[in-house]
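Asks: Quick one: structure below, then a few questions.
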Amino acid sequence: MIQILNLSGLVADLYPETSITIERNNPLFNDDDKFFEDITYEFALPATENNKEFFSSGHLIEAENSVYELEVQTIANGTPFFAGNIAYTFNGGDFTATLKVNFGAVATKVKSARMHDIFTGDALPDYYTAAYMKTVCQNPAQYPFSFFPVYNESWDVSKGTTHFLVNPWDHASQSFSLIASMRRGDTTASGPFWKLKHYIEKAMQYLGFVCEGSWMNDPESDKIYVYSRYTPFTLSIYDSTVFLPAKTTIADFMKIIKERFNISFSFNLFGGVVRVQSGSSLLASTKSIDISDFITDINEISIPEKNGYTITLEADKQDLLFKDTVNTSDDEYVPTQRMVIGGGEINIEMKASTLKNKVIADYSMPATKQVTYTYLSDGVPEWPWRFIKYGGMKSVAGGKVFPQAEPMELTLADAEWYRFRNDSKYLKIVAMLPLYLLMEIDGSTKINVTSRENAYVQCIIEKITYNMENRDVEYIEATIDCHTVVANYKTPVLISPIDPVLESGIRVIADYNATGAASIDLEIYYAQSQDGSTGGIPRTDKATVLKSADQYGVGGSAVYFPPVATVRDSLVEFRVKTSVPKHAIIGGKKVFFTLKDGYYYTTGIVGSRGAGISDGRAIFIVF
C-alpha cells in the first residue's frame with residue numbers, strides 16, 4: 001500500500017490500480033554533465049475533494065504558482081520510503097503528478113546557487129602569522145586549508161613583490177616570510193588553499209545534507225586542495241568560498257569533480273544524507289548486499305562494448321607556463337600529459353586541471369605563471385578549477401623541512417573505473433526483493449549474486465527499476481542492470497608526457513635503460529653544405545639525449561634537430577656517437593645501423609630533404 005503525505009499530514013487519494021515506476025541510477029554510469037540518481041514517472045490521481053485540499057486548490061485558476069510543487073513523503077506498507085517533492089498539473093478530470101525524490105527535490109537549487117555566494121562561516125577574523133601558517137602545514141589533517149608555497153614568476157612588479165612565491169618559505173629560518181601590510185606597497189602574495197572535501201561538505205550543507213561515504217573518509221581525498229588566484233592583501237582568512245571562481249554554480253562544481261575524480265553523489269532526503277564515493281572507492285568497498293536468494297532470472301549476459309579513451313587535463317589558457325613554446329606565434333596551450341586507455345578512441349578533455357612542477361634541489365613545488373589578485377572586483381577573470389595535493393612537511397637536506405605540495409596529474413587510479421567498464425561483464429537480473437532489502441539498495445550499491453549454476457560474483461549496480469503498487473505486497477519485482485567486478489584488468493593504460501607540436505625538424509626519443517650511459521650523443525650529417533653547393537663544407541647538427549626513457553618516452557627527454565630549409569635532395573646520415581643502437585623506428589618502420597669510424601649510422605631514417613625531413617616526425621631508437 002502506498003501513502004503520499006504532504007506537510008500538513010494529509011494523505012492523497014490514489015486510484016486502486018496506481019503503480020509508480022521508480023528508476024534508481026548510479027551516477028557513475030551517467031554522462032559527466034548528468035548527476036541525477038532517482039527518476040519516477042507520471043501517474044494520475046483522482047480529483048476528489050480530499051485531493052483538491054491536498055494540492056492546495058491547485059485545480060483553481062486563481063491558485064498561487066507555488067502550490068504546483070509540494071513537499072511530500074512517500075510511505076510503502078507503513079515504512080517511510082522516499083522524501084521529496086510532488087509536481088502536478090490539473091487536466092480537468094485528474095491530477096497528473098510526478099514525484100521528485102532525493103536529488104530531484106533539490107535539483108533547481110543546485111542549478112541556480114553559486115558556490116562563491118554560499119555563506120560558510122569558516123572565516124578567521126584575525127590576521128594570521130608566519131608561525132600559524134607553519135602550524136597548519138605541520139598538521140594538515142586538522143585544518144580545512146593550508147599555506148604551502150606555489151612558485152609564480154608572473155608578478156605585477158608595481159605591487160612591490162619581492163620574490164616568486166605564493167606563501168614564501170625561508171629555508172634559513174625554517175619559517176614563512178610575510179611582509180604584507182595594509183599601509184605598504186611591498187607585499188608578497190599569501191593566502192590559504194582550501195581542501196576539496198571541505199567545499200563538498202559546505203555545498204551539501206547548504207542543500208541540507210550531511211556527507212558520508214568512503215571517499216569522504218579516504219585519507220588520500222583529504223590531501224586534495226583547490227588552487228586559487230586570490231591572495232588577500234590583509235593576511236586574513238575569509239570564508240572559503242570567496243577563494244573560488246565567482247560564477248561556478250553548485251551544479252557546475254559537481255560536474256567538474258564528477259568528471260575529474262569520478263565521484264558520485266547519492267542523496268537520501270529522508271535522512272538528510274548524501275553518500276559521496278568514487279568509482280575506485282566503490283570497487284574497493286567491502287560493503288555489499290547479497291540478493292542471491294531472491295534472484296528469479298538472469299536474462300542477459302554480455303560483454304561490454306570495448307571503448308578506448310584518451311584523457312587530458314585542459315591546460316589553463318591564462319597560465320603562460322602551459323603556452324606552446326615551440327610554436328610561439330600560435331595561441332596554443334598544451335597539457336602536460338596524456339592518459340591512453342585501451343585503443344584511445346574516445347577523447348576526453350577534463351575541464352579541471354592542475355599546475356606544473358618546479359624542482360629545486362631536493363624538493364619541488366607547484367608552479368604557475370599568472371597574476372594573482374589581492375582583492376576581487378570587476379575585471380577579475382573566471383579562472384578554471386585546478387587541483388593540487390598536499391600531505392605534510394617533506395624532509396630535505398640538512399635536517400630541514402619544506403611544505404611540499406604537488407601538481408595533481410592523472411594516475412593509474414584515475415584509469416581504474418574506465419578499465420572496469422571495459423573489462424567487466426554486463427548482467428540484467430530479475431529479483432523478487434522484500435521491501436526491507438529494497439530500501440537498502442540504491443544506484444550506488446554493490447551486490448552479491450550467486451547464479452543457478454552456483455557461480456558467485458560481486459556486481460556494481462548501474463540501474464535498478466521497480467513498480468510501487470497501491471496494494472499490500474511482501475515482495476517487489478525489480479530489474480537490475482549491473483556489471484561484474486573483475487579481479488584483473490586486461491585493458492592497458494599508458495600515461496605519457498605531451499611534447500609541444502613541432503612544425504618542422506626531427507624529434508628523437510631514445511630507449512637506452514640497459515646501456516648504463518648517462519647520455520647519448522647524436523648527429524645528423526648532410527652530404528651537401530648548408531647553401532646547397534657541392535664544394536662546400538658538409539653540415540652537421542648535433543644533439544644529446546640527456547635522460548633515459550622507456551619505450552613510450554615516459555620520463556624521458558626528446559631532442560630536437562631544426563631543419564635546414566635551403567638544402568634540397570641532400571642525403572643524410574643519422575649518427576649515434578655513444579653506445580650501440582639495435583635499431584630505430586620511424587613511421588612504424590624499423591631501420592638498422594651500420595658501424596663506421598667508431599660510430600653507428602643509418603641513411604634509412606630521414607632520406608633526402610625533399611622526402612619530408614621537415615615534418616616533425618619522431619624517431620625512436622632502441623639500444
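Letters A, B, ... mark the chains of the C-alpha cells in the order given; residue numbers begin at 1 per chain; ligand numbers begin at 1, in order shown.
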If DSSP is run on the backbone, what residues of segment 302-368 of chain A are strand (DSSP E)? A reply as a ChimeraX atom specification would be ideal.
Replies: /A:302,309-313,337-341,346-350,356-360,363-368
Asks: As JSON, numbers by chain, please: the residues near segment 222-227 of chain A (cut-off 10 Å, only C-alpha atoms, same-chain neighbours under 6 positions excluded).
Replies: {"A": [140, 141, 144, 145, 146, 150, 192, 193, 194, 195, 196, 197, 198, 199, 215, 216, 243, 244, 353, 354, 355, 366, 383, 384, 385, 386, 387, 388, 389, 390, 391, 392, 405, 406, 407, 408]}
Asks: Hey, which bits of segment 184-297 of chain A sit within 12 Å of segment 452-472 of chain A, and for each residue what's the closest pair of atoms and how far apart in Å (one decimal), counting only C-alpha atoms, rows by chain and increasing number, as JSON lines?
Replies:
{"residue": "A:Gly279", "atom": "CA", "partner": "A:Ile460", "partner_atom": "CA", "distance": 9.6}
{"residue": "A:Ser280", "atom": "CA", "partner": "A:Ile460", "partner_atom": "CA", "distance": 11.4}
{"residue": "A:Ser281", "atom": "CA", "partner": "A:Ile460", "partner_atom": "CA", "distance": 11.7}
{"residue": "A:Leu282", "atom": "CA", "partner": "A:Ile460", "partner_atom": "CA", "distance": 8.1}
{"residue": "A:Leu283", "atom": "CA", "partner": "A:Ile460", "partner_atom": "CA", "distance": 7.7}
{"residue": "A:Ala284", "atom": "CA", "partner": "A:Ile460", "partner_atom": "CA", "distance": 11.1}
{"residue": "A:Ser285", "atom": "CA", "partner": "A:Ile460", "partner_atom": "CA", "distance": 10.7}
{"residue": "A:Thr286", "atom": "CA", "partner": "A:Gln458", "partner_atom": "CA", "distance": 10.3}
{"residue": "A:Lys287", "atom": "CA", "partner": "A:Gln458", "partner_atom": "CA", "distance": 10.6}
{"residue": "A:Ser288", "atom": "CA", "partner": "A:Gln458", "partner_atom": "CA", "distance": 8.2}
{"residue": "A:Ile289", "atom": "CA", "partner": "A:Gln458", "partner_atom": "CA", "distance": 9.3}
{"residue": "A:Asp290", "atom": "CA", "partner": "A:Gln458", "partner_atom": "CA", "distance": 8.9}
{"residue": "A:Ile291", "atom": "CA", "partner": "A:Gln458", "partner_atom": "CA", "distance": 10.4}
{"residue": "A:Ser292", "atom": "CA", "partner": "A:Tyr456", "partner_atom": "CA", "distance": 8.9}
{"residue": "A:Asp293", "atom": "CA", "partner": "A:Arg452", "partner_atom": "CA", "distance": 10.1}
{"residue": "A:Phe294", "atom": "CA", "partner": "A:Arg452", "partner_atom": "CA", "distance": 11.5}
{"residue": "A:Ile295", "atom": "CA", "partner": "A:Arg452", "partner_atom": "CA", "distance": 9.1}
{"residue": "A:Thr296", "atom": "CA", "partner": "A:Arg452", "partner_atom": "CA", "distance": 9.4}
{"residue": "A:Asp297", "atom": "CA", "partner": "A:Arg452", "partner_atom": "CA", "distance": 8.9}
Asks: Choose the residue, out of A:Ala76, A:Ala44, A:Ile61, A:Leu494, that has the smallest atom-to-atom separation from Asp94 of chain A; count only C-alpha atoms.
Replies: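 Of A:Ala76, A:Ala44, A:Ile61, A:Leu494, the one nearest Asp94 of chain A, counting only C-alpha atoms, is A:Ala44.
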Asks: Can you tell me which residues surround Met339 of chain A at a distance of at most 8 Å, considering only C-alpha atoms, apart from same-chain residues fewer than 4 positions away, and format the answer as a list in words?
Replies: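 The neighbour list is Tyr309, Thr310, Ile311, Thr312, Leu410, Val493, Leu494, Ile495 and Ser496 of chain A.
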